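Visitor: Please see the structure below; I have some questions.
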Amino acid sequence: MNRKLLKNASLCNILVKNQLSTSSQLGSVNPVDLSYNVYENNPSDELTPPVLILHGLFGSKLNWNSLSKAFHQKTKPTRKIYSIDARNHGESPHSKVHSYEHMVADLVALYKKLNIGKASVIGHSMGGRAMMLLALQYPHLVDRAVIVDISPAPGIGTNKTNIPLFLQSMKLIQVSSDHTIHQARKIADEQLSRIIDEKPLRDFLITNLVKSPDDGSFRWRINLDALERNFISGVARFPDVGKIRFEGPTLFIAGEKSDYIQQKDIPVIKQLFPNSEIRFVEGAGHWVHSEKSAEFAKLVLDFLNDINSH
């Protein structure tokens, strides 16, 4: 997402309205019951921690289907893989609140539900920040961590990325119920193309457009209102964690063409994750796991299988 995305420069100044401070929302953090897919066709070693995977903003557990299968088949010993939908995404419940603190509460509740004592975790972008906070606050729950193209440093992504604009634009899409899902996504793509140049990005966003089985109307699978309202305080901000650290093995994987992890972020990463290494994948952007899936999978498998790692 570090390429030029916007045609209409005047729209770049759209701001998220009605921002709420995270501290005022938190109160008592009530978890939601997260949706997940489990990959366990092969006999798994019950003594080896499973792997939990959490997607990024606008994503879903389905984005990780192929990689989840590969990780299940090629981890040694074989590991059970859980690919998870974050709150306000995919098939997980919608909520008015959205922050990393809430996402961590959701994950801890999932650990308890699945009776998981410890797991290796993988998180991309927003999901990476949630997994970082989980590891920092609940280190006894995390065996190893893979953080994909995101850092704990302030901000999120490049200043060329106008996520509030994406949310605003998606809310403006209008499609009548007499269209098929294929037709609807084509119409949505045409409408979004007036604002977003990059076709792969539009295709990614449009995967969230679904048709209601009840009345045939179209809706967004993600909770646009909650994400818009909580973006600045709940997604663009990584919480201040003070001096706590996660001492376990941690692998940061970044796209060489992305700037979600920058040189200036490395001291912060090393401070919070002293037993970490950072690997850049040549030719990859922010979605390094899909753009360079083979290279990404090898890095993750070598790390999980402890091949020349730490």
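Numbering starts fresh at 1 for the residues of each chain in the structure tokens, the chains themselves are lettered A, B, ... in the order given, and ligands are numbered from 1 as they appear.
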Fewer than 4 positions away in the same chain doesn't count, so skip those; otherwise give me all residues within 12 Å of Ile307 of chain A, counting only C-alpha atoms, as a ChimeraX atom specification.

Guide: /A:75-76,298-303

Visitor: Within 12 Å of Lys186 of chain A, counting only C-alpha atoms, which residues qualify if same-chain residues fewer than 6 places away don't, as a list in words?

Guide: Ile173, Gln174, Val175, His179, Thr180, Leu192, Ser193, Lys199, Arg202, Asp203, Ile206, Thr207 and Leu209 of chain A

Visitor: Leu62 of chain A: which residues within 12 Å, counting only C-alpha atoms, same-chain residues fewer than 3 positions away excluded, as JSON, numbers by chain?

Guide: {"A": [35, 36, 37, 38, 53, 54, 55, 56, 58, 59, 65, 66, 67, 68, 69, 82, 83, 84, 85, 86, 89, 90, 91, 204, 207, 208]}

Visitor: I'd like the contact shell of Asn88 of chain A - 9 Å cut-off, only C-alpha atoms, skipping same-chain residues fewer than 6 positions apart - returned as a list in words.

Guide: His94, Ser95, Lys96, Val97, His98, Arg221, Ile222, Asn223, Leu224, Ala226 and Leu227 of chain A

Visitor: Enumerate the residues of segment 26-128 of chain A with a DSSP assignment of strand (DSSP E or B), computed from the backbone, and present them as a compact mmCIF listing (two decimals) with N, CA, C and O atoms, in the first residue's frame.

Guide:
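Heads up, here's the output in part.txt:
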```
# COMPACT_ATOMS: atom_id res chain seq x y z
N TYR A 36 -13.43 -19.09 13.87
CA TYR A 36 -12.13 -19.59 13.44
C TYR A 36 -12.30 -20.83 12.58
O TYR A 36 -13.33 -21.50 12.62
N ASN A 37 -11.28 -21.13 11.78
CA ASN A 37 -11.16 -22.40 11.08
C ASN A 37 -10.00 -23.16 11.70
O ASN A 37 -8.96 -22.56 12.02
N VAL A 38 -10.15 -24.46 11.84
CA VAL A 38 -9.07 -25.27 12.39
C VAL A 38 -8.58 -26.24 11.32
O VAL A 38 -9.38 -26.80 10.56
N TYR A 39 -7.28 -26.42 11.25
CA TYR A 39 -6.64 -27.30 10.27
C TYR A 39 -5.97 -28.43 11.05
O TYR A 39 -4.97 -28.20 11.74
N VAL A 51 -0.76 -23.28 16.39
CA VAL A 51 -0.46 -21.98 15.81
C VAL A 51 -1.77 -21.21 15.62
O VAL A 51 -2.71 -21.74 15.02
N LEU A 52 -1.82 -19.99 16.13
CA LEU A 52 -2.97 -19.11 15.95
C LEU A 52 -2.60 -18.02 14.96
O LEU A 52 -1.55 -17.37 15.11
N ILE A 53 -3.45 -17.79 13.96
CA ILE A 53 -3.18 -16.80 12.91
C ILE A 53 -4.28 -15.74 12.92
O ILE A 53 -5.47 -16.08 12.92
N LEU A 54 -3.88 -14.47 12.91
CA LEU A 54 -4.85 -13.38 12.89
C LEU A 54 -4.53 -12.43 11.74
O LEU A 54 -3.41 -11.91 11.64
N ILE A 81 -3.48 -25.85 13.38
CA ILE A 81 -3.49 -24.44 12.98
C ILE A 81 -4.90 -23.87 13.16
O ILE A 81 -5.87 -24.48 12.71
N TYR A 82 -4.99 -22.72 13.80
CA TYR A 82 -6.26 -22.01 13.92
C TYR A 82 -6.14 -20.66 13.20
O TYR A 82 -5.30 -19.85 13.56
N SER A 83 -6.97 -20.46 12.19
CA SER A 83 -7.03 -19.18 11.50
C SER A 83 -8.29 -18.45 11.98
O SER A 83 -9.39 -19.01 11.92
N ILE A 84 -8.14 -17.23 12.45
CA ILE A 84 -9.17 -16.56 13.25
C ILE A 84 -9.69 -15.31 12.55
O ILE A 84 -8.93 -14.59 11.90
N ALA A 119 0.57 -21.19 22.71
CA ALA A 119 0.52 -21.31 21.25
C ALA A 119 1.59 -20.44 20.63
O ALA A 119 2.03 -19.45 21.21
N SER A 120 2.01 -20.82 19.43
CA SER A 120 2.76 -19.90 18.59
C SER A 120 1.75 -19.04 17.86
O SER A 120 0.65 -19.50 17.53
N VAL A 121 2.09 -17.79 17.62
CA VAL A 121 1.11 -16.87 17.03
C VAL A 121 1.70 -16.19 15.80
O VAL A 121 2.90 -15.92 15.72
N ILE A 122 0.82 -15.92 14.83
CA ILE A 122 1.17 -15.20 13.61
C ILE A 122 0.13 -14.11 13.42
O ILE A 122 -1.07 -14.38 13.49
N GLY A 123 0.57 -12.88 13.18
CA GLY A 123 -0.37 -11.80 12.95
C GLY A 123 0.13 -10.85 11.90
O GLY A 123 1.31 -10.49 11.88
N HIS A 124 -0.78 -10.45 10.99
CA HIS A 124 -0.43 -9.51 9.94
C HIS A 124 -1.03 -8.15 10.24
O HIS A 124 -2.22 -8.03 10.54
```

Visitor: Please, what distance in Å, to one decimal, runs between atom CA of Ile253 of chain A and atom CA of Trp220 of chain A?

Guide: 29.8 Å

Visitor: Out of A:Ala130, A:Ile196, A:Val210, A:Val268, which residue has the shortest atom-to-atom distance to Arg237 of chain A when counting only C-alpha atoms?

Guide: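 Distance minimum relative to Arg237 of chain A lands on A:Ala130.
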
Visitor: Taking only C-alpha atoms into account, name the residue in A:Pro139, A:Ala294, A:Gly128, A:Glu228 that is nearest to Leu165 of chain A.

Guide: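 Distance minimum relative to Leu165 of chain A lands on A:Glu228.
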
Visitor: Using Å and a single decimal, report how far atom CA of Pro152 of chain A sits from atom CA of Ile261 of chain A.

Guide: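 About the pair atom CA of Ile261 of chain A and atom CA of Pro152 of chain A: they are 9.1 Å apart.
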
Visitor: Quick one: DSSP alpha helix (DSSP H) residues in segment 191-248 of chain A, as a compact mmCIF listing (two decimals) with all heavy atoms, in the first residue's frame?

Guide:
```
# COMPACT_ATOMS: atom_id res chain seq x y z
N GLN A 191 -17.23 1.84 -8.78
CA GLN A 191 -17.43 3.00 -7.92
C GLN A 191 -16.16 3.31 -7.12
O GLN A 191 -15.77 4.48 -6.98
CB GLN A 191 -18.62 2.75 -6.99
CG GLN A 191 -19.94 2.67 -7.75
CD GLN A 191 -21.14 2.44 -6.82
OE1 GLN A 191 -21.09 2.72 -5.64
NE2 GLN A 191 -22.22 1.90 -7.38
N LEU A 192 -15.50 2.29 -6.62
CA LEU A 192 -14.27 2.52 -5.85
C LEU A 192 -13.13 3.02 -6.73
O LEU A 192 -12.23 3.71 -6.26
CB LEU A 192 -13.85 1.22 -5.14
CG LEU A 192 -14.63 0.83 -3.89
CD1 LEU A 192 -14.12 -0.51 -3.36
CD2 LEU A 192 -14.52 1.89 -2.80
N LYS A 199 -5.93 -1.68 -8.43
CA LYS A 199 -6.93 -2.74 -8.62
C LYS A 199 -6.80 -3.86 -7.57
O LYS A 199 -7.82 -4.31 -7.03
CB LYS A 199 -6.81 -3.33 -10.03
CG LYS A 199 -7.85 -4.40 -10.37
CD LYS A 199 -9.26 -3.81 -10.44
CE LYS A 199 -10.24 -4.73 -11.18
NZ LYS A 199 -10.48 -6.01 -10.51
N PRO A 200 -5.59 -4.35 -7.27
CA PRO A 200 -5.50 -5.40 -6.25
C PRO A 200 -6.06 -4.96 -4.90
O PRO A 200 -6.67 -5.77 -4.19
CB PRO A 200 -3.99 -5.69 -6.16
CG PRO A 200 -3.46 -5.30 -7.50
CD PRO A 200 -4.27 -4.11 -7.91
N LEU A 201 -5.87 -3.70 -4.55
CA LEU A 201 -6.42 -3.20 -3.30
C LEU A 201 -7.94 -3.18 -3.35
O LEU A 201 -8.62 -3.60 -2.40
CB LEU A 201 -5.88 -1.81 -3.00
CG LEU A 201 -6.49 -1.10 -1.78
CD1 LEU A 201 -6.29 -1.92 -0.52
CD2 LEU A 201 -5.90 0.29 -1.62
N ARG A 202 -8.50 -2.71 -4.47
CA ARG A 202 -9.96 -2.71 -4.60
C ARG A 202 -10.51 -4.13 -4.51
O ARG A 202 -11.52 -4.39 -3.86
CB ARG A 202 -10.38 -2.07 -5.93
CG ARG A 202 -9.97 -0.61 -6.08
CD ARG A 202 -10.80 0.08 -7.16
NE ARG A 202 -10.78 -0.57 -8.45
CZ ARG A 202 -9.89 -0.33 -9.42
NH1 ARG A 202 -8.92 0.56 -9.22
NH2 ARG A 202 -9.96 -0.95 -10.58
N ASP A 203 -9.85 -5.07 -5.18
CA ASP A 203 -10.30 -6.47 -5.14
C ASP A 203 -10.30 -7.00 -3.71
O ASP A 203 -11.22 -7.73 -3.31
CB ASP A 203 -9.39 -7.34 -6.01
CG ASP A 203 -9.57 -7.08 -7.50
OD1 ASP A 203 -10.59 -6.47 -7.88
OD2 ASP A 203 -8.68 -7.47 -8.28
N PHE A 204 -9.27 -6.62 -2.96
CA PHE A 204 -9.17 -7.07 -1.57
C PHE A 204 -10.32 -6.51 -0.73
O PHE A 204 -10.98 -7.23 0.02
CB PHE A 204 -7.82 -6.64 -0.99
CG PHE A 204 -7.64 -6.97 0.46
CD1 PHE A 204 -7.63 -8.28 0.90
CD2 PHE A 204 -7.46 -5.96 1.39
CE1 PHE A 204 -7.45 -8.58 2.25
CE2 PHE A 204 -7.29 -6.24 2.73
CZ PHE A 204 -7.28 -7.56 3.16
N LEU A 205 -10.58 -5.22 -0.88
CA LEU A 205 -11.67 -4.60 -0.12
C LEU A 205 -13.03 -5.21 -0.48
O LEU A 205 -13.87 -5.45 0.39
CB LEU A 205 -11.69 -3.09 -0.37
CG LEU A 205 -10.47 -2.29 0.07
CD1 LEU A 205 -10.61 -0.83 -0.32
CD2 LEU A 205 -10.24 -2.42 1.58
N ILE A 206 -13.22 -5.49 -1.76
CA ILE A 206 -14.52 -5.95 -2.24
C ILE A 206 -14.82 -7.39 -1.82
O ILE A 206 -15.97 -7.82 -1.82
CB ILE A 206 -14.58 -5.77 -3.78
CG1 ILE A 206 -14.66 -4.28 -4.12
CG2 ILE A 206 -15.79 -6.49 -4.38
CD1 ILE A 206 -14.45 -3.98 -5.58
N LEU A 224 -18.01 -1.39 9.23
CA LEU A 224 -17.40 -0.14 8.78
C LEU A 224 -17.56 0.98 9.80
O LEU A 224 -16.62 1.75 10.05
CB LEU A 224 -18.00 0.29 7.44
CG LEU A 224 -17.72 -0.62 6.24
CD1 LEU A 224 -18.51 -0.15 5.04
CD2 LEU A 224 -16.24 -0.68 5.93
N ASP A 225 -18.73 1.08 10.41
CA ASP A 225 -18.98 2.16 11.37
C ASP A 225 -18.04 2.07 12.57
O ASP A 225 -17.44 3.06 12.99
CB ASP A 225 -20.43 2.14 11.84
CG ASP A 225 -21.41 2.58 10.77
OD1 ASP A 225 -20.98 3.34 9.87
OD2 ASP A 225 -22.58 2.18 10.81
N ALA A 226 -17.90 0.86 13.13
CA ALA A 226 -17.05 0.70 14.30
C ALA A 226 -15.58 0.92 13.96
O ALA A 226 -14.84 1.55 14.73
CB ALA A 226 -17.25 -0.69 14.90
N LEU A 227 -15.15 0.43 12.79
CA LEU A 227 -13.75 0.60 12.41
C LEU A 227 -13.44 2.07 12.13
O LEU A 227 -12.37 2.57 12.47
CB LEU A 227 -13.42 -0.27 11.20
CG LEU A 227 -13.48 -1.77 11.46
CD1 LEU A 227 -13.32 -2.55 10.16
CD2 LEU A 227 -12.42 -2.19 12.47
N GLU A 228 -14.38 2.77 11.53
CA GLU A 228 -14.18 4.19 11.26
C GLU A 228 -14.12 4.97 12.58
O GLU A 228 -13.24 5.80 12.79
CB GLU A 228 -15.32 4.72 10.40
CG GLU A 228 -15.20 6.21 10.08
CD GLU A 228 -16.41 6.74 9.33
OE1 GLU A 228 -17.52 6.20 9.54
OE2 GLU A 228 -16.25 7.69 8.57
N ARG A 229 -15.04 4.67 13.48
CA ARG A 229 -15.13 5.40 14.72
C ARG A 229 -13.90 5.16 15.62
O ARG A 229 -13.46 6.05 16.35
CB ARG A 229 -16.40 4.99 15.47
CG ARG A 229 -16.67 5.76 16.76
CD ARG A 229 -18.06 5.48 17.29
NE ARG A 229 -18.30 4.05 17.51
CZ ARG A 229 -19.15 3.32 16.78
NH1 ARG A 229 -19.82 3.86 15.79
NH2 ARG A 229 -19.32 2.05 17.05
N ASN A 230 -13.35 3.96 15.55
CA ASN A 230 -12.26 3.58 16.44
C ASN A 230 -10.89 3.56 15.78
O ASN A 230 -9.91 3.16 16.41
CB ASN A 230 -12.53 2.19 17.02
CG ASN A 230 -13.74 2.15 17.93
OD1 ASN A 230 -13.68 2.50 19.10
ND2 ASN A 230 -14.87 1.72 17.39
```

Visitor: I want to know what sits within 7 Å of segment 284-287 of chain A, based on only C-alpha atoms, with residues of the same chain fewer than 2 positions away left out; could you give that as a PyMOL selection string?

Guide: chain A and resi 1+149+255-258+281-282+289-292
